[in-house]
Every structure is written in C-alpha cells, then in structure tokens.
Amino acid sequence: MHTGTHNIKLIFGQDRRLVVPLYQRPYVWNREQQWEPLWEDMRALAERILQHKPVRPHFMGAIVLDQIPQPTGKLENRLIIDGQQRLTTIQALLEAFADICAVVGADVVSAERYHRALLQLTRNTAPLSDDPDDQYKVWPTNVDQKQFRRVMQAGSPDQLDLHVLPSIHLIADAYVFFYRVILTWLAPTEPGFEKRLDALYDVLCDCVRMVVIDLDHEDDAQLIFETLNARGTPLLPSELVKNFLLRRATLEGEQIEPLYRQYWQPFDVNADYWRKELGPGHAKRARIDLYLQHYLTLKTRDDVPVAHLYTAFREYATDGDKASSHLESLQRYAQVYRSFDTMDRSTRAGLFFRRLRQLDITTAYPFLLELLSRYKDQHTQVGQVLADIESLLVRRMVCQLSTRGYNRLFINLIDHLDGPEDGLTVRVRKFLISSEAESNRWPRDPEFRQAWLDLPLYHTLRRERIRMLLEALERHLYSELTEGIEVKGGLTIEHLMPQDWHKHWPLPGDVPIEDAERNREQLLHTMGNLTLLTKALNPKVSNGPWDEKRAAILQHSALTLNRKLQDCPGWDEKAIVRRGQTLFEVAKQIWPFPQI
C-alpha cells in the first residue's frame with residue numbers, strides 16, 4: 001500500500017484511467033449536500049488569492065485505488081475502490097470550466113490556453129488504444145457511462161440534451177450546475193476576468209488535495225472499501241451486498257460483466273424505483289434496502305433489523321452457495337417484490353396489495369414473497385390465501401388488536417407453504433385460525449361486530465385505514481348493473497352527523513342531556529356515521545342541517561355508499577346504529593371468518 005497527499009494536477013496530470021467497478025453504486029452526489037458546498041469552498045479560496053491572502057489546502061478526503069494489470073504499452077488503469085463520487089464530481093467541474101474557456105477563448109487568448117491545460121486533466125493521450133472511451137481520465141460504472149460520455153462531449157449545457165438520458169442524470173446535473181456558477185463568477189465581460197480565471201485554475205489544480213491510497217496485490221480491497229464507505233454519502237446496505245457478491249464472483253472465477261448485466265443492472269437501471277425512500281422521518285429507507293430486509297427475513301426465518309442488513313447478509317451468504325446463485329435469487333425475488341406494486345387492481349391479488357399498502361403492514365412481505373414465488377400460477381388458491389390474510393388483518397385492526405406479533409406470525413406461516421399444491425389454502429387457513437394467542441388470533445364475528453358498531457374508529461385508526469374500509473364497502477356494494485367506477489384519491493372522510501353538531505342537530509329530549517351527549521359522542525366516530533365525499537363537496541355540506549346535507553350528497557355523489565341516504569329523512573343516533581349494522585353485514589362478506 002502506498003499513501004500520499006496529492007493535488008488535482010498530480011492525480012489527473014498523467015495519462016491514466018481511473019475506472020469505477022461495475023459492482024459499485026451509481027453517482028449519487030447532489031447540489032444541496034455536495035456541489036454547492038464544494039463550489040463555495042472553491043470560490044472562497046479563489047477570492048482569497050485575488051485579495052493576496054494566504055490560502056490553505058482544501059482536503060476532499062481519501063480515495064482508494066487498486067491496480068489492474070495491463071499489457072506492456074497499454075494505458076495504465078486503476079480501479080476506484082473508494083472515492084468515485086469525489087473524482088466524478090471533480091471531472092464534471094473541470095469539464096465545465098474547460099468548456100467555458102473554450103467558448104470565451106474565441107475572444108480572449110489566455111482562455112484558450114486554459115482550455116488546453118484543463119483538457120490535460122480530463123483527457124488521456126492514448127494513441128495505441130482502440131477504445132475511444134480510453135481518453136477519459138475517469139470512467140464511471142455501467143449505468144452512468146452514457147450520460148458521462150455525453151457530458152464530456154457536450155461543449156455547453158445548451159448542447160446537453162437531458163431528454164435522451166435516464167430519468168436520474170446527476171452527473172449531467174452536476175456539469176450544468178458547475179458551468180453556470182463558474183460562468184457567473186468569472187464574468188468574462190467584466191474587468192479582471194483573466195485574474196479570476198488564473199485564480200480559479202490555481203485553486204483547482206494546486207489547492208484541492210486528496211489522500212490517495214494506492215493498493216498492491218497483497219491488500220484486501222474489499223475490507224478497505226467497507227471501512228471507508230461512510231465517507232461522503234454513506235453506501236446503502238444493498239450497495240455493500242452488490243460489491244461483496246460481485247467481488248466474490250471474481251474470486252470464484254466468474255465473468256462479472258454478464259453476471260452484473262443479468263442480475264444487478266435492473267436495480268441500477270430502475271434506480272428511480274429501487275432507490276426511492278419510503279417510510280416516515282428518520283425511519284426512511286431506500287426501497288431496495290427494505291426489499292433486502294424482507295428477503296433476508298424469508299431466507300433466515302428470523303427478524304433482520306434494517307440497520308444490520310449487510311452483516312446479516314454476509315452471515316447468511318456463508319452457506320456455500322456461489323455468488324452467482326445469490327445474485328440470481330436476489331433478482332428473482334425482486335421481480336416478485338416489484339409485482340406487488342404493478343398488479344392489476346381488478347384482480348384479487350392486485351386489490352389485496354393495494355389494501356395492504358393502505359393498511360401499511362409490511363411484515364407480511366417475507367411470506368408473500370415466497371407465496372407468489374412458489375405459487376404464481378395458482379391464481380385461485382393464491383387469491384383465497386390473500387383474502388384470508390386480509391380478513392385476519394382487517395378484523396384485528398378494527399378490533400384494536402396489537403400488530404406486535406406479526407413478524408413471527410408470518411415467518412412461521414412460511415413453513416405451511418410446503419406440501420401438495422391443492423392443499424395450500426387449507427394448510428394456511430388451518431394455521432391462521434388455530435391460534436387463540438392475543439398476538440395473532442383471528443377475531444370471530446361477535447367481536448368484529450361489537451368493535452365495528454361501538455368503537456370510535458375515526459379517532460383510533462389512521463385516515464388511510466378508514467378510507468380503505470369505506471372504499472372496500474363501496475366496491476362491494478356494486479351490483480352487476482352498476483357502472484364500474486373505481487374509487488381513487490381525492491375523496492375525504494365525512495361525518496354524516498358533523499363533529500360540530502350543536503347548531504343544527506338537537507339532542508333527543510327523552511333522555512337526560514348528559515347521557516344524550518355521551519351517547520352521541522360515542523357514536524359520532526363509529527363506522528355507521530362515516531362516508532366518503534369529494535374534497536370540493538365536503539366543506540360545503542359538512543356542518544349544515546341534515547335536509548340540506550342529504551340533498552347535496554344525493555345530487556353530487558355517485559357513490560353507492562351514499563345512495564341509501566335517500567331513505568333517511570332524518571339523521572340521529574338510531575340512524576347511525578342502523579347504518580352501522582347494515583355496513584357490518586357488508587364488511588362481514590368482504591372479510592369473512594372462514595369455515596373449514
């Protein structure tokens with residue numbers, strides 16, 4: 001291992017190619033967290049030079065390079081084990097600076113000289129090479145190569161057509177950002193331009209320093225990579241898994257290019273899906289890491305904390321299987337996982353996954369991954385299993401039972417997928433109804449009915465879950481003669497008797513006022529008093545008297561859920577109870593307790 005502190009001119013000044021291994025993640029730096037702070041540091045240093053003030057070196061951290069044996073006479077190559085984000089960013093900045101100098105150089109001779117000098121930091125002289133991409137000092141991982149090449153050939157942001165690039169094009173965005181801020185600061189038409197040009201060049205070439213760790217064949221590049229991965233933007237656990245598996249495949253004698261293309265490239269190409277962060281606040285995680293958590297839970301039959309995914313995967317991957325086998329399995333289950341979001345809502349499976357997302361219960365995913373992986377062609381049996389799970393979850397939610405035991409419930413349920421295909425539904429159903437433990441029992445009809453009629457579910461459940469219940473009722477109330485209307489977003493939950501009832505909704509006079517108020521407040525937030533309206537209609541009718549409210553709802557609402565209100569000349573506690581009982585009979589059909 002050779003270690004030294006080098007400036008940009010030394011790092012990029014020689015003809016050498018710094019290659020990002022294909023098993024590393026794509027470029028992920030962004031404007032707010034990296035580009036703007038870097039530019040502000042560069043600008044501040046250049047202005048100190050212009051003011052003849054002392055300038056200290058600006059350190060950008062460490063980069064780790066690994067040797068790649070090359071035939072005699074060929075261009076020297078190094079693998080970037082750590083630091084690709086820094087090196088790619090600096091190349092985008094240097095290219096933007098060079099392009100500005102090229103444009104201005106037509107009028108200012110010194111700018112043209114700087115253009116040529118900057119090209120020596122972004123281009124190799126490789127007369128013996130047959131690959132035109134060998135000219136680039138840095139060569140990114142596969143998924144970023146097209147946009148990097150386009151940036152290096154553009155000449156200006158006006159020539160950079162972002163429409164032909166992938167939906168995520170951060171390298172191109174970095175180039176555009178640096179081009180604009182450098183051009184604005186240089187102000188070519190203002191006095192002092194050449195001094196500013198000289199100062200910025202000096203800063204970039206001499207003041208920016210990096211610690212360069214150059215490995216030899218005895219150093220463990222993977223261990224060093226993992227140790228340093230927290231620098232800059234932390235690597236996702238899934239990125240560490242990718243690196244681990246592809247490097248292991250290399251040691252096993254595999255050709256990793258085809259392995260990457262077949263099994264991991266879909267994650268990188270569809271980065272806008274897989275890298276999207278899900279979850280609230282500090283619990284947000286990239287979708288690919290959430291998938292990895294469910295995958296490992298399935299494979300290990302144990303809870304795997306998201307904070308320990310990489311460690312858990314390395315322990316799991318000591319099973320003796322080759323890296324290629326693990327990569328194939330990860331991609332195969334990933335296709336199943338993604339299908340959860342793309343299923344046709346008109347199918348039972350598609351409806352189930354839509355409702356599961358509204359319920360926000362993901363602990364079932366390990367079981368569901370295995371279910372759909374094994375029985376993807378058994379649509380009838382899979383549909384029944386999903387219907388049973390939905391019934392269990394909905395009934396427990398309405399009855400206010402804890403979700404704490406769901407992890408273990410669904411892990412144990414995986415074992416009941418084993419057996420003859422034609423017995424799948426019975427095996428799963430028997431297991432689900434066998435337990436009387438509070439953590440996973442399936443509520444029977446009497447308990448479900450009492451909770452449905454008596455509990456203030458509007459207050460105790462999240463709005464998305466209440467909306468799911470009401471949308472399910474609406475869908476089930478359609479007859480074969482009803483138009484196929486799909487309830488989508490834009491509907492809000494409405495209290496038929498409003499929460500602010502005091503002005504237009506007198507209490508019954510046949511009971512003491514304290515008892516009447518207590519009874520009303522208990523029923524106000526039960527399912528019998530809730531419906532769905534559009535956002536526009538809701539505030540117009542919300543607190544008005546019943547006659548006006550019912551007339552407006554019947555005039556404007558197309559929902560079957562609201563059609564029966566025409567039979568309700570008045571709306572009071574008895575009407576709420578009657579409607580709650582009617583809706584419960586529908587709910588009992590949607591989410592039945594099975595008979596074996």
# chains A, B, ... in the order shown; residues from 1 in each chain; ligands from 1

call {"tool": "residues_around", "arguments": {"residues": "Arg444 (chain A)", "least_positions_apart": "3", "cutoff": "7 Å", "atoms": "only C-alpha atoms", "output": "list in words"}}
result
Glu447, Phe448 and Phe593 of chain A

call {"tool": "residues_around", "arguments": {"residues": "Val241 (chain A)", "least_positions_apart": "4", "cutoff": "7 Å", "atoms": "only C-alpha atoms", "output": "PyMOL selection string"}}
result
chain A and resi 237+245+310

call {"tool": "select_by_dssp", "arguments": {"residues": "region 255-307 of chain A", "states": "alpha helix (DSSP H)", "output": "PyMOL selection string"}}
result
chain A and resi 256-259+265-269+271-274+287-300

call {"tool": "residues_around", "arguments": {"residues": "Ala437 (chain A)", "least_positions_apart": "3", "cutoff": "12 Å", "atoms": "only C-alpha atoms", "output": "MDAnalysis selection string"}}
result
chainID A and resid 401:402 405:406 409 432:434 440:443

call {"tool": "write_last_selection", "arguments": {"atoms": "N, CA and C atoms", "output": "mmCIF file, in the first residue's frame"}}
result
data_model
loop_
_atom_site.group_PDB
_atom_site.id
_atom_site.type_symbol
_atom_site.label_atom_id
_atom_site.label_comp_id
_atom_site.auth_asym_id
_atom_site.auth_seq_id
_atom_site.Cartn_x
_atom_site.Cartn_y
_atom_site.Cartn_z
ATOM 1 N N LEU A 401 -56.513 -4.821 17.984
ATOM 2 C CA LEU A 401 -55.543 -5.791 18.485
ATOM 3 C C LEU A 401 -54.143 -5.431 18.002
ATOM 4 N N SER A 402 -53.150 -5.765 18.762
ATOM 5 C CA SER A 402 -51.768 -5.351 18.502
ATOM 6 C C SER A 402 -51.200 -6.001 17.245
ATOM 7 N N GLY A 405 -46.958 -8.952 17.104
ATOM 8 C CA GLY A 405 -46.545 -10.328 16.829
ATOM 9 C C GLY A 405 -46.563 -10.722 15.361
ATOM 10 N N TYR A 406 -46.795 -9.753 14.462
ATOM 11 C CA TYR A 406 -46.949 -10.098 13.047
ATOM 12 C C TYR A 406 -45.663 -10.636 12.421
ATOM 13 N N LEU A 409 -45.530 -14.256 13.274
ATOM 14 C CA LEU A 409 -46.677 -14.934 12.664
ATOM 15 C C LEU A 409 -46.393 -15.280 11.209
ATOM 16 N N LEU A 432 -53.855 -20.227 10.490
ATOM 17 C CA LEU A 432 -54.282 -18.890 10.894
ATOM 18 C C LEU A 432 -55.403 -18.926 11.929
ATOM 19 N N ILE A 433 -56.279 -19.924 11.860
ATOM 20 C CA ILE A 433 -57.389 -19.957 12.816
ATOM 21 C C ILE A 433 -57.074 -20.804 14.041
ATOM 22 N N SER A 434 -55.881 -21.432 14.058
ATOM 23 C CA SER A 434 -55.581 -22.363 15.157
ATOM 24 C C SER A 434 -55.175 -21.651 16.438
ATOM 25 N N ASN A 440 -51.947 -13.044 17.692
ATOM 26 C CA ASN A 440 -52.231 -13.420 16.297
ATOM 27 C C ASN A 440 -53.575 -14.105 16.081
ATOM 28 N N ARG A 441 -54.477 -14.034 17.046
ATOM 29 C CA ARG A 441 -55.765 -14.702 16.855
ATOM 30 C C ARG A 441 -56.620 -13.947 15.838
ATOM 31 N N TRP A 442 -57.527 -14.691 15.233
ATOM 32 C CA TRP A 442 -58.409 -14.171 14.185
ATOM 33 C C TRP A 442 -59.780 -13.897 14.810
ATOM 34 N N PRO A 443 -60.188 -12.646 14.993
ATOM 35 C CA PRO A 443 -61.453 -12.358 15.685
ATOM 36 C C PRO A 443 -62.664 -12.949 14.973
#

call {"tool": "closest_atom_pairs", "arguments": {"of": "region 131-178 of chain A", "to": "region 92-112 of chain A", "cutoff": "10 Å", "atoms": "only C-alpha atoms", "output": "Markdown table"}}
result
| residue | atom | partner | partner_atom | distance |
| --- | --- | --- | --- | --- |
| A:Phe148 | CA | A:Ala92 | CA | 8.6 |
| A:Val151 | CA | A:Ala92 | CA | 7.8 |
| A:Met152 | CA | A:Glu95 | CA | 6.7 |
| A:Gln153 | CA | A:Glu95 | CA | 9.4 |
| A:Ala154 | CA | A:Asp99 | CA | 8.6 |
| A:Gly155 | CA | A:Asp99 | CA | 5.4 |
| A:Ser156 | CA | A:Asp99 | CA | 6.3 |
| A:Pro157 | CA | A:Ala96 | CA | 8.8 |
| A:Ile171 | CA | A:Ala92 | CA | 7.0 |
| A:Ala172 | CA | A:Ala92 | CA | 8.0 |
| A:Asp173 | CA | A:Ala92 | CA | 9.3 |
| A:Ala174 | CA | A:Ala92 | CA | 6.4 |
| A:Tyr175 | CA | A:Ala92 | CA | 4.9 |
| A:Val176 | CA | A:Ala96 | CA | 7.5 |
| A:Phe177 | CA | A:Leu93 | CA | 8.7 |
| A:Phe178 | CA | A:Leu93 | CA | 5.6 |

call {"tool": "select_by_dssp", "arguments": {"residues": "region 12-95 of chain A", "states": "strand (DSSP E or B)", "output": "PyMOL selection string"}}
result
chain A and resi 16-19+58-68+76-82

call {"tool": "write_last_selection", "arguments": {"atoms": "N, CA and C atoms", "output": "mmCIF file, in the first residue's frame"}}
result
data_model
loop_
_atom_site.group_PDB
_atom_site.id
_atom_site.type_symbol
_atom_site.label_atom_id
_atom_site.label_comp_id
_atom_site.auth_asym_id
_atom_site.auth_seq_id
_atom_site.Cartn_x
_atom_site.Cartn_y
_atom_site.Cartn_z
ATOM 1 N N ARG A 16 -3.651 8.218 -17.392
ATOM 2 C CA ARG A 16 -4.060 7.073 -16.574
ATOM 3 C C ARG A 16 -5.580 7.071 -16.490
ATOM 4 N N ARG A 17 -6.135 5.912 -16.482
ATOM 5 C CA ARG A 17 -7.594 5.757 -16.432
ATOM 6 C C ARG A 17 -8.000 5.272 -15.053
ATOM 7 N N LEU A 18 -8.892 6.005 -14.384
ATOM 8 C CA LEU A 18 -9.419 5.620 -13.080
ATOM 9 C C LEU A 18 -10.826 5.073 -13.308
ATOM 10 N N VAL A 19 -10.995 3.778 -13.112
ATOM 11 C CA VAL A 19 -12.216 3.068 -13.524
ATOM 12 C C VAL A 19 -13.053 2.722 -12.303
ATOM 13 N N HIS A 58 -7.317 22.693 0.504
ATOM 14 C CA HIS A 58 -8.668 22.199 0.777
ATOM 15 C C HIS A 58 -8.671 20.680 0.597
ATOM 16 N N PHE A 59 -8.889 19.948 1.697
ATOM 17 C CA PHE A 59 -8.864 18.486 1.633
ATOM 18 C C PHE A 59 -10.253 17.931 1.333
ATOM 19 N N MET A 60 -10.320 17.011 0.375
ATOM 20 C CA MET A 60 -11.591 16.384 -0.023
ATOM 21 C C MET A 60 -11.675 14.932 0.417
ATOM 22 N N GLY A 61 -10.873 14.533 1.397
ATOM 23 C CA GLY A 61 -10.957 13.171 1.892
ATOM 24 C C GLY A 61 -10.001 12.242 1.176
ATOM 25 N N ALA A 62 -10.312 10.955 1.240
ATOM 26 C CA ALA A 62 -9.400 9.932 0.710
ATOM 27 C C ALA A 62 -10.010 9.235 -0.492
ATOM 28 N N ILE A 63 -9.127 8.787 -1.387
ATOM 29 C CA ILE A 63 -9.538 7.890 -2.455
ATOM 30 C C ILE A 63 -8.660 6.646 -2.368
ATOM 31 N N VAL A 64 -9.223 5.521 -2.738
ATOM 32 C CA VAL A 64 -8.502 4.253 -2.692
ATOM 33 C C VAL A 64 -8.489 3.666 -4.101
ATOM 34 N N LEU A 65 -7.297 3.379 -4.596
ATOM 35 C CA LEU A 65 -7.134 2.849 -5.947
ATOM 36 C C LEU A 65 -6.499 1.466 -5.876
ATOM 37 N N ASP A 66 -6.920 0.593 -6.769
ATOM 38 C CA ASP A 66 -6.373 -0.762 -6.823
ATOM 39 C C ASP A 66 -5.808 -0.995 -8.214
ATOM 40 N N GLN A 67 -4.690 -1.663 -8.273
ATOM 41 C CA GLN A 67 -4.008 -1.861 -9.546
ATOM 42 C C GLN A 67 -4.755 -2.861 -10.425
ATOM 43 N N ILE A 68 -4.715 -2.590 -11.734
ATOM 44 C CA ILE A 68 -5.236 -3.521 -12.740
ATOM 45 C C ILE A 68 -4.083 -3.866 -13.660
ATOM 46 N N GLU A 76 -2.219 2.854 -18.507
ATOM 47 C CA GLU A 76 -2.301 2.437 -17.108
ATOM 48 C C GLU A 76 -3.736 2.598 -16.597
ATOM 49 N N ASN A 77 -4.214 1.605 -15.836
ATOM 50 C CA ASN A 77 -5.568 1.623 -15.276
ATOM 51 C C ASN A 77 -5.514 1.403 -13.778
ATOM 52 N N ARG A 78 -6.445 2.040 -13.056
ATOM 53 C CA ARG A 78 -6.647 1.794 -11.634
ATOM 54 C C ARG A 78 -8.144 1.635 -11.381
ATOM 55 N N LEU A 79 -8.512 0.685 -10.514
ATOM 56 C CA LEU A 79 -9.897 0.586 -10.029
ATOM 57 C C LEU A 79 -10.089 1.569 -8.892
ATOM 58 N N ILE A 80 -11.211 2.295 -8.921
ATOM 59 C CA ILE A 80 -11.545 3.196 -7.817
ATOM 60 C C ILE A 80 -12.302 2.388 -6.775
ATOM 61 N N ILE A 81 -11.625 2.004 -5.728
ATOM 62 C CA ILE A 81 -12.264 1.230 -4.663
ATOM 63 C C ILE A 81 -13.105 2.137 -3.775
ATOM 64 N N ASP A 82 -12.636 3.338 -3.529
ATOM 65 C CA ASP A 82 -13.406 4.317 -2.767
ATOM 66 C C ASP A 82 -13.052 5.706 -3.288
#

call {"tool": "residues_around", "arguments": {"residues": "Thr526 (chain A)", "least_positions_apart": "5", "cutoff": "6 Å", "atoms": "only C-alpha atoms", "output": "count of residues only"}}
result
3

call {"tool": "closest_residue", "arguments": {"among": "A:Ile182, A:Leu292, A:Leu351, A:Val394", "to": "Leu461 (chain A)", "atoms": "only C-alpha atoms"}}
result
A:Val394

call {"tool": "residues_around", "arguments": {"residues": "region 6-9 of chain A", "least_positions_apart": "3", "cutoff": "6 Å", "atoms": "only C-alpha atoms", "output": "JSON, numbers by chain"}}
result
{"A": [12, 13, 205, 206, 208, 209, 210]}

call {"tool": "write_last_selection", "arguments": {"atoms": "C-alpha atoms", "output": "tab-separated table (two decimals), in the first residue's frame"}}
result
chain	number	residue	atom	x	y	z
A	12	PHE	CA	-5.16	13.70	-13.11
A	13	GLY	CA	-1.99	15.01	-14.71
A	205	CYS	CA	-5.00	22.40	-9.62
A	206	ASP	CA	-2.95	23.18	-6.53
A	208	VAL	CA	-7.58	20.84	-3.72
A	209	ARG	CA	-5.91	17.85	-2.08
A	210	MET	CA	-6.86	14.23	-1.56

call {"tool": "closest_residue", "arguments": {"among": "A:Lys137, A:Lys242, A:His115, A:Lys588", "to": "Leu75 (chain A)", "atoms": "only C-alpha atoms"}}
result
A:Lys137

call {"tool": "residues_around", "arguments": {"residues": "region 497-505 of chain A", "least_positions_apart": "4", "cutoff": "9 Å", "atoms": "only C-alpha atoms", "output": "VMD selection string"}}
result
chain A and resid 521 524 to 525 529 to 530 542 to 546 571 to 572 576

call {"tool": "write_last_selection", "arguments": {"atoms": "N, CA and C atoms", "output": "CSV table (one decimal), in the first residue's frame"}}
result
chain,number,residue,atom,x,y,z
A,521,GLU,N,-71.5,11.4,21.4
A,521,GLU,CA,-70.1,11.5,21.2
A,521,GLU,C,-69.5,10.1,21.0
A,524,LEU,N,-70.6,9.1,17.3
A,524,LEU,CA,-70.2,10.1,16.2
A,524,LEU,C,-69.1,9.6,15.3
A,525,HIS,N,-68.1,8.9,15.9
A,525,HIS,CA,-66.9,8.5,15.2
A,525,HIS,C,-66.9,7.0,14.8
A,529,ASN,N,-71.5,6.3,11.0
A,529,ASN,CA,-71.6,7.8,10.7
A,529,ASN,C,-70.6,8.3,9.7
A,530,LEU,N,-69.8,7.4,9.1
A,530,LEU,CA,-68.8,7.9,8.2
A,530,LEU,C,-69.1,7.5,6.7
A,542,SER,N,-70.6,20.1,5.2
A,542,SER,CA,-70.1,19.5,6.4
A,542,SER,C,-71.0,19.7,7.7
A,543,ASN,N,-71.2,21.0,8.0
A,543,ASN,CA,-71.9,21.3,9.3
A,543,ASN,C,-73.3,21.8,9.1
A,544,GLY,N,-73.8,21.7,7.9
A,544,GLY,CA,-75.2,22.2,7.6
A,544,GLY,C,-76.3,21.2,8.2
A,545,PRO,N,-77.5,21.6,8.2
A,545,PRO,CA,-78.6,20.7,8.6
A,545,PRO,C,-78.8,19.6,7.7
A,546,TRP,N,-79.4,18.5,8.2
A,546,TRP,CA,-79.5,17.2,7.5
A,546,TRP,C,-80.2,17.3,6.2
A,571,TRP,N,-81.6,12.2,10.6
A,571,TRP,CA,-80.3,11.5,10.9
A,571,TRP,C,-80.0,11.7,12.4
A,572,ASP,N,-80.1,10.6,13.2
A,572,ASP,CA,-79.8,10.7,14.6
A,572,ASP,C,-79.1,9.5,15.1
A,576,ILE,N,-77.6,6.2,12.9
A,576,ILE,CA,-76.2,5.8,12.9
A,576,ILE,C,-76.1,4.3,13.2

call {"tool": "residues_around", "arguments": {"residues": "Glu277 (chain A)", "least_positions_apart": "5", "cutoff": "12 Å", "atoms": "only C-alpha atoms", "output": "PyMOL selection string"}}
result
chain A and resi 236+271-272+282-291

call {"tool": "decode", "arguments": {"residues": "region 386-474 of chain A", "atoms": "C-alpha atoms", "output": "short mmCIF file (atom, residue, chain, number, x, y, z; two decimals), in the first residue's frame"}}
result
data_model
loop_
_atom_site.label_atom_id
_atom_site.label_comp_id
_atom_site.auth_asym_id
_atom_site.auth_seq_id
_atom_site.Cartn_x
_atom_site.Cartn_y
_atom_site.Cartn_z
CA LEU A 386 -54.60 -13.40 0.25
CA ALA A 387 -58.28 -12.94 1.08
CA ASP A 388 -57.81 -14.87 4.34
CA ILE A 389 -54.78 -12.78 5.31
CA GLU A 390 -56.66 -9.58 4.51
CA SER A 391 -59.59 -10.69 6.64
CA LEU A 392 -57.30 -11.50 9.56
CA LEU A 393 -55.52 -8.14 9.34
CA VAL A 394 -58.65 -6.05 8.89
CA ARG A 395 -60.56 -7.75 11.68
CA ARG A 396 -57.64 -7.37 14.07
CA MET A 397 -57.27 -3.71 13.09
CA VAL A 398 -60.95 -2.94 13.67
CA CYS A 399 -60.86 -4.82 16.99
CA GLN A 400 -57.81 -2.76 18.03
CA LEU A 401 -55.54 -5.79 18.49
CA SER A 402 -51.77 -5.35 18.50
CA THR A 403 -49.59 -5.80 15.42
CA ARG A 404 -46.53 -6.60 17.54
CA GLY A 405 -46.54 -10.33 16.83
CA TYR A 406 -46.95 -10.10 13.05
CA ASN A 407 -43.26 -10.61 12.26
CA ARG A 408 -43.19 -14.02 13.92
CA LEU A 409 -46.68 -14.93 12.66
CA PHE A 410 -45.73 -14.55 9.01
CA ILE A 411 -42.30 -16.12 9.46
CA ASN A 412 -43.97 -19.21 10.94
CA LEU A 413 -46.58 -19.17 8.18
CA ILE A 414 -43.86 -19.67 5.53
CA ASP A 415 -43.40 -23.29 6.64
CA HIS A 416 -47.05 -24.00 5.81
CA LEU A 417 -46.41 -23.34 2.13
CA ASP A 418 -44.74 -26.74 1.99
CA GLY A 419 -46.94 -29.56 0.76
CA PRO A 420 -49.21 -30.51 -2.16
CA GLU A 421 -50.35 -27.56 -4.29
CA ASP A 422 -54.04 -28.44 -3.99
CA GLY A 423 -53.88 -28.27 -0.19
CA LEU A 424 -52.31 -24.80 0.05
CA THR A 425 -55.44 -22.90 1.07
CA VAL A 426 -56.44 -25.39 3.76
CA ARG A 427 -52.93 -25.54 5.28
CA VAL A 428 -52.63 -21.77 5.57
CA ARG A 429 -56.18 -21.33 6.82
CA LYS A 430 -55.85 -24.01 9.49
CA PHE A 431 -52.71 -22.36 10.81
CA LEU A 432 -54.28 -18.89 10.89
CA ILE A 433 -57.39 -19.96 12.82
CA SER A 434 -55.58 -22.36 15.16
CA SER A 435 -54.15 -19.75 17.50
CA GLU A 436 -56.01 -18.13 20.36
CA ALA A 437 -52.99 -16.08 21.44
CA GLU A 438 -53.70 -12.37 21.71
CA SER A 439 -50.82 -11.60 19.34
CA ASN A 440 -52.23 -13.42 16.30
CA ARG A 441 -55.77 -14.70 16.86
CA TRP A 442 -58.41 -14.17 14.18
CA PRO A 443 -61.45 -12.36 15.68
CA ARG A 444 -64.80 -14.09 15.23
CA ASP A 445 -67.97 -12.34 14.09
CA PRO A 446 -69.32 -11.23 17.51
CA GLU A 447 -66.09 -9.46 18.46
CA PHE A 448 -65.76 -7.94 14.98
CA ARG A 449 -69.38 -6.71 15.10
CA GLN A 450 -69.08 -5.10 18.51
CA ALA A 451 -65.92 -3.22 17.52
CA TRP A 452 -67.44 -2.13 14.21
CA LEU A 453 -70.56 -0.72 15.88
CA ASP A 454 -69.16 0.69 19.13
CA LEU A 455 -65.55 1.78 18.74
CA PRO A 456 -64.72 5.37 17.64
CA LEU A 457 -62.59 4.09 14.75
CA TYR A 458 -62.27 7.55 13.20
CA HIS A 459 -60.20 8.56 16.22
CA THR A 460 -58.29 5.33 16.75
CA LEU A 461 -57.31 4.48 13.14
CA ARG A 462 -55.23 6.48 10.68
CA ARG A 463 -57.25 8.21 7.95
CA GLU A 464 -55.76 6.00 5.23
CA ARG A 465 -57.08 2.91 7.00
CA ILE A 466 -60.56 4.35 7.46
CA ARG A 467 -60.58 5.29 3.79
CA MET A 468 -59.59 1.74 2.88
CA LEU A 469 -62.57 0.35 4.85
CA LEU A 470 -65.01 2.76 3.21
CA GLU A 471 -63.61 2.16 -0.29
CA ALA A 472 -63.91 -1.60 0.24
CA LEU A 473 -67.54 -1.19 1.30
CA GLU A 474 -68.24 0.95 -1.75
#
